[in-house]
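Below is the file upload.cif, which contains mmCIF, C-alpha atoms.
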data_input
#
loop_
_atom_site.label_atom_id
_atom_site.label_comp_id
_atom_site.auth_asym_id
_atom_site.auth_seq_id
_atom_site.Cartn_x
_atom_site.Cartn_y
_atom_site.Cartn_z
CA MET A 21 0.00 0.00 0.00
CA ALA A 22 1.41 3.42 -0.97
CA SER A 23 2.20 5.92 1.72
CA SER A 24 -0.07 8.96 1.95
CA SER A 25 2.87 11.31 1.30
CA SER A 26 3.57 9.79 -2.12
CA SER A 27 -0.12 9.58 -3.03
CA LEU A 28 -0.90 13.20 -2.19
CA PRO A 29 0.72 14.68 -5.33
CA LEU A 30 -1.16 12.14 -7.46
CA ALA A 31 -4.43 13.05 -5.74
CA ILE A 32 -3.83 16.77 -6.25
CA PHE A 33 -2.87 16.26 -9.90
CA SER A 34 -5.94 14.07 -10.53
CA PHE A 35 -8.24 16.62 -8.94
CA ILE A 36 -6.77 19.59 -10.85
CA PHE A 37 -6.73 17.73 -14.16
CA LEU A 38 -10.30 16.51 -13.91
CA CYS A 39 -11.57 19.88 -12.66
CA SER A 40 -9.99 21.56 -15.68
CA LEU A 41 -12.07 19.29 -17.91
CA ALA A 42 -15.23 20.63 -16.27
CA ALA A 43 -14.47 24.24 -17.24
CA ALA A 44 -17.15 26.01 -19.21
CA ASN A 45 -16.76 26.29 -22.95
CA GLU A 46 -16.50 29.70 -24.53
CA VAL A 47 -17.79 29.56 -28.10
CA THR A 48 -17.47 32.43 -30.56
CA VAL A 49 -20.46 32.76 -32.89
CA GLY A 50 -19.39 31.88 -36.41
CA GLY A 51 -16.36 29.85 -35.30
CA LYS A 52 -12.87 31.06 -36.17
CA SER A 53 -14.07 34.04 -38.21
CA GLY A 54 -16.12 35.15 -35.22
CA ASP A 55 -18.25 37.75 -36.96
CA TRP A 56 -21.86 38.49 -35.98
CA LYS A 57 -23.01 40.06 -39.23
CA ILE A 58 -25.29 39.38 -42.18
CA PRO A 59 -24.18 36.02 -43.59
CA PRO A 60 -22.12 36.25 -46.80
CA SER A 61 -24.63 34.11 -48.72
CA SER A 62 -28.12 32.77 -48.31
CA SER A 63 -26.66 29.28 -48.00
CA TYR A 64 -24.90 30.15 -44.71
CA SER A 65 -26.84 29.91 -41.46
CA PHE A 66 -25.66 30.70 -37.92
CA THR A 67 -28.09 28.03 -36.71
CA GLU A 68 -26.49 25.42 -38.98
CA TRP A 69 -23.10 26.51 -37.59
CA ALA A 70 -24.45 26.06 -34.02
CA GLN A 71 -25.61 22.55 -34.83
CA LYS A 72 -21.95 21.55 -35.19
CA ALA A 73 -21.27 22.46 -31.55
CA ARG A 74 -22.49 20.98 -28.26
CA PHE A 75 -23.60 23.58 -25.72
CA LYS A 76 -24.07 22.76 -22.04
CA VAL A 77 -25.35 24.71 -19.06
CA GLY A 78 -22.63 27.12 -17.90
CA ASP A 79 -21.06 27.62 -21.33
CA PHE A 80 -20.66 31.10 -22.80
CA ILE A 81 -21.47 32.21 -26.32
CA VAL A 82 -19.54 35.23 -27.62
CA PHE A 83 -20.84 37.64 -30.26
CA ARG A 84 -18.35 40.01 -31.94
CA TYR A 85 -19.75 42.92 -33.94
CA GLU A 86 -19.34 46.65 -34.53
CA ALA A 87 -20.76 48.49 -31.51
CA GLY A 88 -23.09 51.30 -32.48
CA LYS A 89 -23.94 49.68 -35.82
CA ASP A 90 -25.30 46.33 -34.65
CA SER A 91 -26.50 44.57 -31.52
CA VAL A 92 -27.59 41.19 -30.24
CA LEU A 93 -31.11 40.60 -29.00
CA GLU A 94 -32.06 37.51 -27.03
CA VAL A 95 -35.67 36.84 -27.96
CA THR A 96 -38.52 34.36 -27.73
CA LYS A 97 -39.09 31.68 -30.34
CA GLU A 98 -41.96 33.71 -31.79
CA ALA A 99 -39.83 36.87 -32.08
CA TYR A 100 -37.02 34.80 -33.63
CA ASN A 101 -39.33 33.34 -36.27
CA SER A 102 -40.84 36.74 -37.17
CA CYS A 103 -37.62 38.82 -36.67
CA ASN A 104 -39.49 40.98 -34.15
CA THR A 105 -37.06 43.33 -32.35
CA THR A 106 -39.60 45.23 -30.20
CA ASN A 107 -39.58 43.26 -26.92
CA PRO A 108 -36.28 41.39 -26.49
CA LEU A 109 -35.55 39.34 -23.38
CA ALA A 110 -32.10 40.98 -23.38
CA ASN A 111 -30.41 43.66 -25.52
CA TYR A 112 -26.61 43.70 -25.93
CA THR A 113 -24.79 46.59 -27.65
CA ASP A 114 -21.15 46.54 -26.48
CA GLY A 115 -19.56 44.95 -29.58
CA GLU A 116 -18.18 41.96 -27.66
CA THR A 117 -21.13 40.28 -26.01
CA LYS A 118 -20.59 37.24 -23.81
CA VAL A 119 -23.83 35.47 -22.89
CA LYS A 120 -23.89 32.74 -20.24
CA LEU A 121 -26.07 29.81 -21.23
CA ASP A 122 -27.60 29.38 -17.79
CA ARG A 123 -30.31 26.80 -18.45
CA SER A 124 -30.99 23.84 -20.72
CA GLY A 125 -33.24 24.17 -23.73
CA PRO A 126 -33.42 26.46 -26.74
CA PHE A 127 -31.98 30.00 -26.94
CA TYR A 128 -32.86 32.47 -29.69
CA PHE A 129 -30.79 35.47 -30.82
CA ILE A 130 -31.35 38.01 -33.60
CA SER A 131 -29.59 41.13 -34.79
CA GLY A 132 -31.05 44.39 -33.52
CA ALA A 133 -30.00 46.26 -36.68
CA ASN A 134 -32.86 47.11 -39.00
CA GLY A 135 -33.37 44.41 -41.66
CA HIS A 136 -30.42 42.21 -40.58
CA CYS A 137 -32.50 39.39 -39.08
CA GLU A 138 -34.55 39.13 -42.26
CA LYS A 139 -31.26 38.68 -44.16
CA GLY A 140 -30.25 35.72 -41.98
CA GLN A 141 -28.46 37.32 -39.03
CA LYS A 142 -30.12 35.16 -36.42
CA LEU A 143 -29.14 32.17 -34.32
CA SER A 144 -31.00 29.45 -32.48
CA LEU A 145 -29.16 26.88 -30.39
CA VAL A 146 -29.99 24.20 -27.86
CA VAL A 147 -28.24 23.78 -24.52
CA ILE A 148 -28.19 20.19 -23.33
CA SER A 149 -29.32 19.45 -19.80
CA PRO A 150 -27.00 18.06 -17.12
CA ARG A 151 -28.67 14.66 -17.53
CA HIS A 152 -27.19 14.57 -21.04
CA SER A 153 -23.61 14.40 -19.82
CA VAL A 154 -20.59 13.23 -21.77
CA ILE A 155 -21.45 9.63 -20.85
CA SER A 156 -25.14 9.78 -21.84
CA PRO A 157 -26.27 9.72 -25.46
CA ALA A 158 -27.32 13.05 -26.95
CA PRO A 159 -31.01 13.99 -26.81
CA SER A 160 -32.99 13.51 -29.97
CA PRO A 161 -33.95 16.68 -31.85
CA GLY A 162 -37.59 15.81 -31.13
CA GLU A 163 -37.07 16.64 -27.44
CA PHE A 164 -37.00 20.34 -28.35
CA GLU A 165 -40.06 21.31 -30.35
CA ASP A 166 -38.90 22.97 -33.58
CA GLY A 167 -35.44 23.60 -32.08
CA PRO A 168 -32.27 22.97 -34.02
CA ALA A 169 -30.93 19.45 -34.20
CA LEU A 170 -27.94 18.54 -32.08
CA ALA A 171 -24.69 17.53 -33.70
CA PRO A 172 -21.74 15.56 -32.36
CA ALA A 173 -19.25 17.31 -30.12
CA PRO A 174 -17.23 20.06 -31.83
CA THR A 175 -14.11 19.17 -33.75
CA SER A 176 -12.88 22.62 -34.76
CA GLY A 177 -13.55 26.32 -34.34
CA SER A 178 -12.89 28.32 -31.21
CA VAL A 179 -14.34 25.77 -28.81
CA ARG A 180 -12.39 24.70 -25.76
CA LEU A 181 -13.29 21.16 -24.78
CA GLY A 182 -14.77 20.48 -21.37
CA GLY A 183 -16.63 17.80 -19.50
CA GLY A 184 -18.35 17.06 -16.23
CA TYR A 185 -15.72 15.16 -14.28
CA VAL A 186 -15.44 17.13 -11.01
CA GLY A 187 -17.11 14.39 -8.95
CA LEU A 188 -14.98 11.72 -10.57
CA GLY A 189 -11.87 13.82 -9.85
CA LEU A 190 -12.80 14.09 -6.19
CA VAL A 191 -13.43 10.35 -5.88
CA LEU A 192 -10.20 9.41 -7.68
CA GLY A 193 -8.22 11.99 -5.76
CA LEU A 194 -9.49 10.84 -2.38
CA TRP A 195 -9.07 7.19 -3.36
CA ALA A 196 -5.44 7.79 -4.39
CA TRP A 197 -4.76 9.70 -1.18
CA PHE A 198 -6.05 6.97 1.13
#

Go ahead and render the structure in this file as structure tokens.
Amino acid sequence: MASSSSSLPLAIFSFIFLCSLAAANEVTVGGKSGDWKIPPSSSYSFTEWAQKARFKVGDFIVFRYEAGKDSVLEVTKEAYNSCNTTNPLANYTDGETKVKLDRSGPFYFISGANGHCEKGQKLSLVVISPRHSVISPAPSPGEFEDGPALAPAPTSGSVRLGGGYVGLGLVLGLWAWF
């Protein structure tokens, strides 16, 4: 049996490593280009881009745009579908907006600039619930009425990988220590 003095560094390392995996993702809208603007063509969709990422509660989504000329509005599904900018849930105008995804389910964002939403500058995404952890299979798109489909975990873009291993880190760390 290992002595507790030699197991302590292993326990600390295990805890720190596994906690780092649980860090929230920070995802820039549009991926590497990171521009919240009217899409370059009608074939590009921010929502299709979002389907290539996996969002979880606690993640942040970052919008980069020219302050004073554009904005980000968080809206209801109805306002998203009709590009209605009159009663947003939240209005962001700073040019570098970081929104915390604080609940599971669908989120809807549109541009606050006149006519931009109608030209495709809008985003819907789905945040998976804690019960849909890394170990569980992904929810089916049918779980979210008319929400975007979920895609496999991200493989590129400005996404930092994370996971929910804090509890496992604690258990392994304590087990290694004793």

Applied to this file, what does the PyMOL selection byres ((chain A and resi 112) around 7) return in terms of residues, put as a compact mmCIF listing (two decimals) with C-alpha atoms, keeping the file's coordinate frame?
# COMPACT_ATOMS: atom_id res chain seq x y z
CA SER A 91 -26.50 44.57 -31.52
CA VAL A 92 -27.59 41.19 -30.24
CA LEU A 93 -31.11 40.60 -29.00
CA ALA A 110 -32.10 40.98 -23.38
CA ASN A 111 -30.41 43.66 -25.52
CA THR A 113 -24.79 46.59 -27.65
CA ASP A 114 -21.15 46.54 -26.48
CA THR A 117 -21.13 40.28 -26.01

Worksheet item: Which protein, DNA or RNA residues are at most 12 Å from (-31.9, 39.3, -27.0) in the file's coordinates when you count all atoms listed in the file, listed as a PyMOL selection string?
Response: chain A and resi 83+91-97+99-100+103-113+117-119+127-132+142-144

Discussion item. Show me, as a VMD selection string, the residues that have an atom within 8 Å of Gln141 of chain A when counting only C-alpha atoms, minus same-chain residues fewer than 2 positions from it.
Written reply: chain A and resid 56 to 59 65 to 66 130 to 131 136 to 139 143

Worksheet item: How many Å separate atom CA of Pro126 of chain A from atom CA of Glu68 of chain A?
Response: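 Interatomic distance here is 14.1 Å.
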
Fill in: Straight-line distance linking atom CA of Asn134 of chain A with atom CA of Glu98 of chain A, stated in Å to one decimal
17.7 Å

Worksheet item: What's the 9 Å shell around Leu121 of chain A, counting only C-alpha atoms, without same-chain residues fewer than 4 positions away, as a PyMOL selection string?
Response: chain A and resi 75-81+127+147

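Nearest to Asp55 of chain A of all the residues A:Val146, A:Ala133, A:Val82, A:Ala73 is A:Val82, based on only C-alpha atoms.
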
Worksheet entry | Residue nearest Leu145 of chain A - candidates A:Ser63, A:Asn45, A:Gln71, A:Asn101, atoms counted: all atoms listed in the file |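 For Leu145 of chain A, the nearest of the given residues is A:Gln71.
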